>>> print(open('protein_34.cif').read())   # mmCIF, C-alpha atoms
data_data
loop_
_atom_site.label_atom_id
_atom_site.label_comp_id
_atom_site.auth_asym_id
_atom_site.auth_seq_id
_atom_site.Cartn_x
_atom_site.Cartn_y
_atom_site.Cartn_z
CA MET X 768 8.36 3.22 -28.43
CA GLN X 769 6.24 0.12 -27.93
CA TYR X 770 5.07 1.34 -24.53
CA VAL X 771 4.21 4.75 -25.98
CA VAL X 772 1.93 3.02 -28.48
CA ILE X 773 0.41 0.81 -25.78
CA ILE X 774 -0.29 3.81 -23.55
CA TYR X 775 -2.02 5.61 -26.42
CA LEU X 776 -4.06 2.49 -27.17
CA PHE X 777 -5.35 2.16 -23.62
CA LEU X 778 -5.94 5.90 -23.30
CA ALA X 779 -7.99 5.87 -26.50
CA ILE X 780 -10.08 2.94 -25.23
CA LEU X 781 -10.55 4.59 -21.83
CA LEU X 782 -11.53 7.97 -23.28
CA TYR X 783 -13.95 6.33 -25.69
CA PHE X 784 -15.59 4.48 -22.83
CA LEU X 785 -15.82 7.60 -20.64
CA LEU X 786 -16.90 10.09 -23.30
CA GLY X 787 -18.65 7.75 -25.71
CA GLY X 788 -20.28 5.95 -22.79
CA ALA X 789 -21.69 9.23 -21.50
CA ASP X 790 -22.84 10.03 -25.03
CA PHE X 791 -24.68 6.70 -25.38
CA GLY X 792 -25.96 7.11 -21.84
CA ALA X 793 -27.91 10.19 -22.86
CA GLY X 794 -30.15 7.94 -24.94
CA ILE X 795 -30.40 5.43 -22.09
CA ILE X 796 -31.51 8.19 -19.72
CA GLU X 797 -34.08 9.25 -22.28
CA LEU X 798 -35.41 5.67 -22.31
CA VAL X 799 -36.11 5.73 -18.56
CA THR X 800 -37.60 9.24 -18.63
CA SER X 801 -41.34 9.79 -18.69
CA LYS X 802 -42.90 11.23 -21.85
CA ARG X 803 -43.81 14.39 -19.95
CA ASN X 804 -40.17 15.18 -19.15
CA ARG X 805 -38.55 13.71 -22.26
CA ASN X 806 -38.33 16.96 -24.23
CA LYS X 807 -36.65 18.72 -21.31
CA THR X 808 -34.20 15.85 -20.95
CA ARG X 809 -33.36 16.04 -24.66
CA THR X 810 -32.71 19.77 -24.45
CA VAL X 811 -30.33 19.40 -21.52
CA ALA X 812 -28.65 16.37 -23.11
CA TYR X 813 -28.06 18.21 -26.41
CA HIS X 814 -26.18 20.95 -24.59
CA ALA X 815 -24.21 18.47 -22.50
CA ILE X 816 -23.15 16.04 -25.24
CA GLY X 817 -22.47 18.71 -27.86
CA PRO X 818 -18.70 18.89 -27.23
CA ILE X 819 -18.44 15.12 -26.79
CA TRP X 820 -20.61 14.38 -29.83
CA GLU X 821 -18.18 16.09 -32.18
CA ALA X 822 -15.10 14.20 -31.00
CA ASN X 823 -15.84 11.01 -29.09
CA HIS X 824 -15.57 8.58 -32.01
CA MET X 825 -12.10 9.95 -32.69
CA TRP X 826 -10.89 7.82 -29.76
CA LEU X 827 -12.41 4.67 -31.27
CA ILE X 828 -10.80 5.42 -34.62
CA ILE X 829 -7.41 5.94 -32.95
CA ALA X 830 -7.71 2.59 -31.12
CA ILE X 831 -8.65 0.78 -34.35
CA VAL X 832 -5.78 2.38 -36.28
CA ILE X 833 -3.28 1.47 -33.55
CA LEU X 834 -4.44 -2.16 -33.61
CA PHE X 835 -4.48 -2.29 -37.42
CA VAL X 836 -1.00 -0.82 -37.86
CA GLY X 837 0.82 -1.89 -34.71
CA TYR X 838 -0.83 -5.21 -33.87
CA PRO X 839 -2.18 -6.77 -37.09
CA GLN X 840 -2.55 -10.25 -35.57
CA VAL X 841 -4.68 -8.88 -32.73
CA TYR X 842 -6.72 -6.82 -35.18
CA SER X 843 -7.24 -9.84 -37.46
CA ALA X 844 -8.33 -12.09 -34.57
CA MET X 845 -10.87 -9.54 -33.31
CA SER X 846 -12.26 -8.71 -36.73
CA LEU X 847 -12.57 -12.41 -37.56
CA TYR X 848 -13.90 -14.16 -34.46
CA LEU X 849 -15.81 -11.17 -33.05
CA HIS X 850 -17.00 -9.69 -36.34
CA ILE X 851 -20.71 -10.14 -35.49
CA PRO X 852 -20.72 -8.08 -32.25
CA LEU X 853 -18.33 -5.60 -33.89
CA LEU X 854 -20.76 -5.19 -36.80
CA ALA X 855 -23.69 -4.79 -34.39
CA MET X 856 -21.81 -2.11 -32.46
CA LEU X 857 -20.86 -0.21 -35.63
CA MET X 858 -24.42 -0.41 -36.94
CA GLY X 859 -25.59 0.99 -33.61
CA ILE X 860 -23.16 3.90 -33.92
CA ILE X 861 -24.33 4.65 -37.47
CA ALA X 862 -28.04 4.32 -36.66
CA ARG X 863 -27.69 6.50 -33.56
CA GLY X 864 -25.84 9.28 -35.36
CA THR X 865 -28.29 9.24 -38.26
CA ALA X 866 -31.33 9.31 -35.99
CA PHE X 867 -29.83 12.13 -33.90
CA VAL X 868 -29.27 14.31 -36.96
CA PHE X 869 -32.68 13.67 -38.53
CA ARG X 870 -34.67 14.18 -35.36
CA SER X 871 -32.78 17.38 -34.57
CA TYR X 872 -32.45 19.04 -37.98
CA ASP X 873 -35.09 17.52 -40.24
CA ALA X 874 -36.90 20.33 -42.03
CA VAL X 875 -40.23 18.49 -41.77
CA LYS X 876 -41.58 17.66 -38.31
CA ASP X 877 -43.97 14.74 -38.76
CA GLU X 878 -44.59 11.20 -37.51
CA MET X 879 -41.07 10.21 -38.56
CA GLN X 880 -39.78 12.10 -35.53
CA ARG X 881 -41.19 9.31 -33.40
CA VAL X 882 -39.30 6.75 -35.49
CA TYR X 883 -36.06 8.73 -35.18
CA ASN X 884 -36.53 8.94 -31.41
CA ARG X 885 -37.02 5.19 -31.09
CA ILE X 886 -33.99 4.44 -33.27
CA PHE X 887 -31.88 6.86 -31.24
CA ILE X 888 -32.90 5.29 -27.93
CA LEU X 889 -32.58 1.69 -29.16
CA SER X 890 -29.15 2.23 -30.73
CA SER X 891 -28.01 4.07 -27.59
CA CYS X 892 -28.60 0.82 -25.69
CA ILE X 893 -27.34 -1.59 -28.36
CA THR X 894 -23.97 0.10 -28.88
CA PRO X 895 -22.66 -0.04 -25.29
CA LEU X 896 -24.21 -3.50 -24.90
CA PHE X 897 -22.06 -4.90 -27.70
CA LEU X 898 -19.07 -2.83 -26.61
CA GLY X 899 -19.20 -4.70 -23.29
CA ILE X 900 -19.78 -8.03 -25.04
CA ILE X 901 -16.68 -7.50 -27.20
CA ALA X 902 -14.53 -6.58 -24.20
CA ALA X 903 -15.76 -9.58 -22.18
CA SER X 904 -15.29 -11.99 -25.07
CA ALA X 905 -11.73 -10.80 -25.61
CA ILE X 906 -10.66 -11.76 -22.07
CA SER X 907 -12.97 -14.67 -21.27
CA GLY X 908 -11.03 -17.34 -23.16
CA THR X 909 -14.07 -18.35 -25.22
CA VAL X 910 -12.60 -17.43 -28.61
CA ASP X 911 -11.82 -20.74 -30.31
CA ALA X 912 -9.11 -20.26 -32.94
CA ASN X 913 -9.29 -23.98 -33.84
CA ALA X 914 -13.05 -24.19 -34.31
CA ASN X 915 -14.29 -26.27 -37.25
CA ASP X 916 -17.83 -24.91 -37.56
CA PHE X 917 -19.53 -21.54 -37.79
CA LEU X 918 -21.31 -21.64 -34.42
CA GLN X 919 -18.19 -22.42 -32.41
CA ALA X 920 -16.02 -19.94 -34.29
CA TYR X 921 -18.32 -16.95 -34.71
CA ILE X 922 -21.29 -17.31 -32.33
CA PHE X 923 -20.29 -19.03 -29.11
CA SER X 924 -17.03 -17.06 -29.04
CA TRP X 925 -19.10 -14.13 -27.77
CA LEU X 926 -22.63 -15.38 -27.06
CA HIS X 927 -22.44 -16.59 -23.45
CA TRP X 928 -23.72 -15.38 -20.10
CA PHE X 929 -20.50 -13.73 -18.99
CA SER X 930 -20.28 -11.48 -22.05
CA ILE X 931 -24.01 -10.65 -21.93
CA THR X 932 -23.87 -9.63 -18.26
CA VAL X 933 -20.77 -7.51 -18.92
CA GLY X 934 -22.68 -5.88 -21.79
CA LEU X 935 -25.60 -5.07 -19.50
CA PHE X 936 -23.16 -3.77 -16.89
CA THR X 937 -21.65 -1.50 -19.57
CA VAL X 938 -25.11 -0.16 -20.45
CA ALA X 939 -25.78 0.65 -16.79
CA LEU X 940 -22.38 2.36 -16.42
CA SER X 941 -23.05 4.45 -19.54
CA GLY X 942 -26.39 5.57 -18.14
CA PHE X 943 -24.75 6.37 -14.82
CA LEU X 944 -22.03 8.48 -16.48
CA ALA X 945 -24.60 10.38 -18.54
CA ALA X 946 -26.80 11.07 -15.51
CA ILE X 947 -23.83 12.41 -13.53
CA TYR X 948 -22.77 14.65 -16.41
CA LEU X 949 -26.33 15.90 -16.89
CA ILE X 950 -26.68 16.86 -13.23
CA GLY X 951 -24.17 19.62 -13.86
CA GLU X 952 -26.13 20.90 -16.85
CA ALA X 953 -29.47 21.22 -15.03
CA GLU X 954 -30.63 24.83 -14.69
CA ASP X 955 -33.28 24.31 -12.00
CA ASP X 956 -33.67 22.16 -8.91
CA ASN X 957 -36.50 20.10 -10.33
CA THR X 958 -34.43 19.01 -13.35
CA ARG X 959 -31.36 18.45 -11.19
CA ASN X 960 -33.28 16.24 -8.76
CA ARG X 961 -34.68 14.27 -11.67
CA PHE X 962 -31.19 13.53 -12.98
CA ILE X 963 -30.07 12.61 -9.46
CA ARG X 964 -32.85 10.02 -9.38
CA LYS X 965 -31.72 8.69 -12.77
CA ALA X 966 -28.13 8.48 -11.51
CA ARG X 967 -29.30 6.56 -8.46
CA MET X 968 -31.32 4.21 -10.65
CA MET X 969 -28.37 3.56 -12.96
CA ASN X 970 -26.07 3.09 -9.96
CA ILE X 971 -28.37 0.42 -8.55
CA ALA X 972 -28.61 -1.24 -11.99
CA ALA X 973 -24.79 -1.25 -12.27
CA VAL X 974 -24.50 -2.93 -8.85
CA ILE X 975 -27.06 -5.60 -9.82
CA PHE X 976 -25.50 -6.31 -13.20
CA GLY X 977 -22.04 -6.24 -11.63
CA ALA X 978 -23.13 -8.99 -9.23
CA LEU X 979 -24.51 -10.96 -12.18
CA VAL X 980 -21.14 -10.61 -13.91
CA PHE X 981 -19.41 -12.35 -10.99
CA ILE X 982 -22.11 -15.04 -10.86
CA ALA X 983 -21.83 -15.70 -14.61
CA ALA X 984 -18.02 -15.80 -14.36
CA GLY X 985 -18.23 -18.36 -11.56
CA VAL X 986 -20.71 -20.54 -13.46
CA GLU X 987 -18.59 -20.49 -16.64
CA GLY X 988 -15.29 -21.04 -14.86
CA ILE X 989 -13.80 -17.62 -15.59
CA PRO X 990 -11.43 -16.59 -12.75
CA LEU X 991 -12.75 -13.03 -12.50
CA VAL X 992 -12.45 -12.91 -8.71
CA HIS X 993 -8.78 -13.89 -8.92
CA TRP X 994 -8.14 -11.36 -11.68
CA ILE X 995 -9.51 -8.49 -9.63
CA PHE X 996 -8.75 -9.43 -6.03
CA GLY X 997 -5.71 -11.65 -6.58
CA ASN X 998 -3.22 -8.78 -6.76
CA VAL X 999 -2.68 -5.65 -4.71
CA TYR X 1000 -3.21 -3.28 -7.66
CA GLY X 1001 -6.58 -4.69 -8.65
CA LEU X 1002 -7.74 -4.78 -5.03
CA SER X 1003 -6.55 -1.19 -4.48
CA ALA X 1004 -8.41 -0.05 -7.61
CA VAL X 1005 -11.65 -1.61 -6.34
CA ILE X 1006 -11.22 0.05 -2.94
CA LEU X 1007 -10.55 3.42 -4.55
CA ALA X 1008 -13.57 3.01 -6.82
CA SER X 1009 -15.77 2.23 -3.80
CA ILE X 1010 -14.46 5.20 -1.81
CA SER X 1011 -14.92 7.54 -4.77
CA LEU X 1012 -18.51 6.35 -5.17
CA VAL X 1013 -19.31 7.24 -1.55
CA ILE X 1014 -17.65 10.64 -1.90
CA LEU X 1015 -19.48 11.22 -5.20
CA TRP X 1016 -22.92 10.78 -3.63
CA VAL X 1017 -22.02 13.00 -0.70
CA LEU X 1018 -20.95 15.76 -3.08
CA ILE X 1019 -24.03 15.29 -5.28
CA TYR X 1020 -26.34 16.07 -2.37
CA LYS X 1021 -24.14 19.02 -1.40
CA GLY X 1022 -24.71 20.57 -4.82
CA TYR X 1023 -21.32 20.09 -6.48
CA LYS X 1024 -21.34 19.87 -10.27
CA ASN X 1025 -17.92 19.57 -11.89
CA VAL X 1026 -16.06 17.50 -9.31
CA ILE X 1027 -18.70 14.74 -9.42
CA ARG X 1028 -17.96 14.26 -13.13
CA VAL X 1029 -14.29 13.75 -12.32
CA LEU X 1030 -15.17 11.27 -9.58
CA ALA X 1031 -17.51 9.32 -11.88
CA GLY X 1032 -14.80 9.12 -14.52
CA PHE X 1033 -12.25 8.09 -11.90
CA GLN X 1034 -14.54 5.36 -10.59
CA VAL X 1035 -15.04 3.83 -14.05
CA THR X 1036 -11.31 4.11 -14.73
CA MET X 1037 -10.54 2.16 -11.56
CA ILE X 1038 -13.06 -0.53 -12.52
CA LEU X 1039 -11.42 -0.97 -15.91
CA PHE X 1040 -7.94 -0.88 -14.38
CA SER X 1041 -8.80 -3.59 -11.83
CA ILE X 1042 -9.53 -6.00 -14.67
CA GLY X 1043 -7.02 -4.77 -17.24
CA TYR X 1044 -4.00 -4.89 -14.94
CA SER X 1045 -4.19 -8.65 -14.44
CA GLN X 1046 -4.58 -9.25 -18.19
CA PHE X 1047 -1.72 -7.09 -19.44
CA PRO X 1048 -0.04 -7.56 -21.90
CA ASN X 1049 -2.67 -9.99 -23.23
CA PHE X 1050 -5.34 -8.35 -25.37
CA ILE X 1051 -7.27 -11.44 -26.47
CA ILE X 1052 -7.30 -14.72 -24.55
CA VAL X 1053 -8.31 -17.76 -26.60
CA LYS X 1054 -9.22 -21.28 -25.56
CA ASN X 1055 -6.54 -23.59 -24.13
CA GLY X 1056 -4.76 -20.69 -22.42
CA ALA X 1057 -3.19 -19.15 -25.54
CA SER X 1058 -3.39 -15.39 -26.08
CA PHE X 1059 -2.60 -12.50 -28.40
CA SER X 1060 -0.17 -10.23 -26.58
CA LEU X 1061 0.64 -6.57 -27.15
CA LEU X 1062 4.30 -7.36 -26.47
CA GLN X 1063 4.62 -10.59 -28.44
CA ASN X 1064 2.26 -10.01 -31.38
CA GLN X 1065 3.28 -6.53 -32.45
CA ALA X 1066 4.42 -5.35 -35.87
CA ASN X 1067 8.12 -4.94 -36.66
CA GLN X 1068 10.03 -2.37 -34.64
CA LYS X 1069 10.26 0.19 -37.45
CA THR X 1070 6.48 0.19 -37.79
CA ILE X 1071 6.03 0.59 -34.03
CA ASP X 1072 8.54 3.45 -33.96
CA ALA X 1073 6.83 5.24 -36.84
CA LEU X 1074 3.43 4.73 -35.21
CA GLY X 1075 4.68 6.03 -31.87
CA TRP X 1076 6.11 9.20 -33.42
CA ALA X 1077 2.91 9.72 -35.45
CA LEU X 1078 0.86 9.53 -32.25
CA LEU X 1079 3.14 11.92 -30.38
CA ILE X 1080 3.26 14.48 -33.19
CA GLY X 1081 -0.46 14.10 -33.85
CA SER X 1082 -1.22 14.83 -30.20
CA VAL X 1083 0.67 18.12 -30.38
CA ILE X 1084 -1.34 19.13 -33.43
CA ILE X 1085 -4.80 17.75 -32.57
CA LEU X 1086 -5.20 18.21 -28.81
CA PRO X 1087 -5.06 22.05 -28.82
CA PHE X 1088 -7.80 22.14 -31.46
CA LEU X 1089 -9.83 19.61 -29.49
CA GLY X 1090 -9.49 21.84 -26.43
CA TYR X 1091 -10.70 24.82 -28.45
CA LEU X 1092 -13.65 22.75 -29.71
CA LEU X 1093 -14.70 21.95 -26.15
CA TYR X 1094 -14.23 25.61 -25.17
CA SER X 1095 -16.29 26.92 -28.08
CA PHE X 1096 -19.20 24.59 -27.30
CA GLN X 1097 -19.35 25.88 -23.73
CA LYS X 1098 -19.85 29.47 -24.89
CA GLU X 1099 -23.31 30.91 -25.28
CA PRO X 1100 -24.56 30.98 -28.88
CA VAL X 1101 -24.55 34.37 -30.57
CA THR X 1102 -28.06 35.67 -31.28
CA ASN X 1103 -28.99 37.78 -34.29
CA ASP X 1104 -29.32 40.89 -32.11
CA ALA X 1105 -25.89 40.36 -30.60
CA ALA X 1106 -24.43 39.85 -34.06
CA ILE X 1107 -25.96 43.13 -35.27
CA GLU X 1108 -24.64 45.06 -32.27
CA ALA X 1109 -21.18 43.62 -32.83
#
>>> encode(input="protein_34.cif", output="structure tokens")
Amino acid sequence: MQYVVIIYLFLAILLYFLLGGADFGAGIIELVTSKRNRNKTRTVAYHAIGPIWEANHMWLIIAIVILFVGYPQVYSAMSLYLHIPLLAMLMGIIARGTAFVFRSYDAVKDEMQRVYNRIFILSSCITPLFLGIIAASAISGTVDANANDFLQAYIFSWLHWFSITVGLFTVALSGFLAAIYLIGEAEDDNTRNRFIRKARMMNIAAVIFGALVFIAAGVEGIPLVHWIFGNVYGLSAVILASISLVILWVLIYKGYKNVIRVLAGFQVTMILFSIGYSQFPNFIIVKNGASFSLLQNQANQKTIDALGWALLIGSVIILPFLGYLLYSFQKEPVTNDAAIEA
């Protein structure tokens, strides 16, 4: 059952990055959109992220519950040494959701709408930034479990160039995912071409920040190149990601809509796999080469078994309803006239 739990954990993290990343990316795209086109971008984004908006944080909650129940030592280490970026990320999630609701459904349209818009855009950037910082800090070996002072234990464990560049890379990837998803929602060529330009911009930003990640890793002595290219699986994942990127852009200019979303998701999945494969089963690497492992630092077997069965049974119950939620959001809203005729 331990591998069932581990699979669910990584699936939850992956789905949160793909769906939540695209959700956050909608705000990032809004940031780089001119004021003249911003209202149109918001309208398209609302329709696109509607199904994701209702369910994406479910994947984050599942990942947290799995860590809390199945891997309490891992959960404790993350919530202790990385509590500042975790708090910043959670505050970003809360601020973004609050701003989205108020700017969309506030009964009074006044100057506060401008404040809500700014909070929405800012938190859309902050949340994926700290998501990337947390992920980078967990594998960089900078967490010092033997630190004697506050700065070493709770600041420098995550505040370094490698984690910051990974955070910026995550922001660019989120914007790229959102732009690709929004291309398929565009109803006219002008809007579609605009989102293609945003996707190209985010793609270039991801390449630049990706290069900075490797530079920062080299400067700080993090063997990122070996992690990715030192095994056949990581190298294959990078090759597949590169090929899928080329195919994606070919299909974009040929007018495809749905398949490019799959390719964008596949590309990001391969990027995450190329790094995650070399780290498994370690979830957090601390200084001096020690680590918190998903195989060595798990709860007792009865707890893991119960958690595994809960996840399996919960999937049978929840996933059909999640599918219906996505289906219902894709249907056209019923107007008053249609309701009367019915």
>>> closest_residue(input="protein_34.cif", among="X:Ala984, X:Val1017, X:Leu1002, X:Ala830", to="Gly908 of chain X", atoms="all atoms listed in the file")
X:Ala984
>>> resolve_selection(input="protein_34.cif", expression="the PyMOL selection byres ((chain X and resi 927) around 10)", output="MDAnalysis selection string")
chainID X and resid 900 903:904 907 909 922:926 928:932 983 987
>>> write_last_selection(input="protein_34.cif", atoms="C-alpha atoms", output="PDB file, in the coordinates of the input")
ATOM      1  CA  ILE X 900     -19.780  -8.030 -25.040  1.00  0.00           C
ATOM      2  CA  ALA X 903     -15.760  -9.580 -22.180  1.00  0.00           C
ATOM      3  CA  SER X 904     -15.290 -11.990 -25.070  1.00  0.00           C
ATOM      4  CA  SER X 907     -12.970 -14.670 -21.270  1.00  0.00           C
ATOM      5  CA  THR X 909     -14.070 -18.350 -25.220  1.00  0.00           C
ATOM      6  CA  ILE X 922     -21.290 -17.310 -32.330  1.00  0.00           C
ATOM      7  CA  PHE X 923     -20.290 -19.030 -29.110  1.00  0.00           C
ATOM      8  CA  SER X 924     -17.030 -17.060 -29.040  1.00  0.00           C
ATOM      9  CA  TRP X 925     -19.100 -14.130 -27.770  1.00  0.00           C
ATOM     10  CA  LEU X 926     -22.630 -15.380 -27.060  1.00  0.00           C
ATOM     11  CA  TRP X 928     -23.720 -15.380 -20.100  1.00  0.00           C
ATOM     12  CA  PHE X 929     -20.500 -13.730 -18.990  1.00  0.00           C
ATOM     13  CA  SER X 930     -20.280 -11.480 -22.050  1.00  0.00           C
ATOM     14  CA  ILE X 931     -24.010 -10.650 -21.930  1.00  0.00           C
ATOM     15  CA  THR X 932     -23.870  -9.630 -18.260  1.00  0.00           C
ATOM     16  CA  ALA X 983     -21.830 -15.700 -14.610  1.00  0.00           C
ATOM     17  CA  GLU X 987     -18.590 -20.490 -16.640  1.00  0.00           C
TER      18      GLU X 987
END
>>> closest_residue(input="protein_34.cif", among="X:Leu776, X:Val1053, X:Leu991, X:Tyr848", to="Ile828 of chain X", atoms="only C-alpha atoms")
X:Leu776
>>> residues_around(input="protein_34.cif", residues="Leu1030 of chain X", least_positions_apart="2", cutoff="8 Å", atoms="all atoms listed in the file", output="PDB file with C-alpha atoms, in the coordinates of the input")
ATOM      1  CA  SER X1011     -14.920   7.540  -4.770  1.00  0.00           C
ATOM      2  CA  LEU X1012     -18.510   6.350  -5.170  1.00  0.00           C
ATOM      3  CA  LEU X1015     -19.480  11.220  -5.200  1.00  0.00           C
ATOM      4  CA  VAL X1026     -16.060  17.500  -9.310  1.00  0.00           C
ATOM      5  CA  ILE X1027     -18.700  14.740  -9.420  1.00  0.00           C
ATOM      6  CA  ARG X1028     -17.960  14.260 -13.130  1.00  0.00           C
ATOM      7  CA  GLY X1032     -14.800   9.120 -14.520  1.00  0.00           C
ATOM      8  CA  PHE X1033     -12.250   8.090 -11.900  1.00  0.00           C
ATOM      9  CA  GLN X1034     -14.540   5.360 -10.590  1.00  0.00           C
TER      10      GLN X1034
END
>>> residues_around(input="protein_34.cif", residues="segment 943-957 of chain X", least_positions_apart="4", cutoff="10 Å", atoms="only C-alpha atoms", output="VMD selection string")
chain X and resid 784 to 796 807 to 808 811 to 816 937 to 939 961 to 973 1015 1019 1022 to 1032 1035
>>> closest_residue(input="protein_34.cif", among="X:Thr810, X:Gln880, X:Asn823, X:Asn1064", to="Ala779 of chain X", atoms="only C-alpha atoms")
X:Asn823
>>> resolve_selection(input="protein_34.cif", expression="the PyMOL selection byres ((chain X and resi 862) around 10)", output="VMD selection string")
chain X and resid 856 to 861 863 to 867 883 886 to 887 889 to 891 894
>>> atom_distance(input="protein_34.cif", atom1="atom CA of Ser1095 of chain X", atom2="atom CA of Ile829 of chain X")
23.3 Å
>>> atom_distance(input="protein_34.cif", atom1="atom CA of Lys876 of chain X", atom2="atom CA of Cys892 of chain X")
24.7 Å
>>> closest_residue(input="protein_34.cif", among="X:Ile888, X:Leu778, X:Ile901, X:Val875", to="Leu853 of chain X", atoms="only C-alpha atoms")
X:Ile901
>>> residues_near_point(input="protein_34.cif", point="(6.8, 6.4, -31.9)", cutoff="12 Å", atoms="only C-alpha atoms", output="list in words")
Met768, Gln769, Tyr770, Val771, Val772, Ile773, Ile774, Tyr775, Ile833, Gly837, Gln1068, Lys1069, Thr1070, Ile1071, Asp1072, Ala1073, Leu1074, Gly1075, Trp1076, Ala1077, Leu1078, Leu1079, Ile1080, Gly1081 and Ser1082 of chain X
>>> closest_residue(input="protein_34.cif", among="X:Phe1050, X:Phe835, X:Tyr1044, X:Phe869", to="Asn884 of chain X", atoms="only C-alpha atoms")
X:Phe869
>>> resolve_selection(input="protein_34.cif", expression="the PyMOL selection byres ((chain X and resi 921) around 10)", output="PyMOL selection string")
chain X and resi 847-852+910-912+914+916-920+922-926
>>> closest_residue(input="protein_34.cif", among="X:Leu1061, X:Arg885, X:Gly1090, X:Pro895", to="Leu798 of chain X", atoms="all atoms listed in the file")
X:Arg885
>>> atom_distance(input="protein_34.cif", atom1="atom CA of Asn998 of chain X", atom2="atom CA of Trp1016 of chain X")
27.9 Å
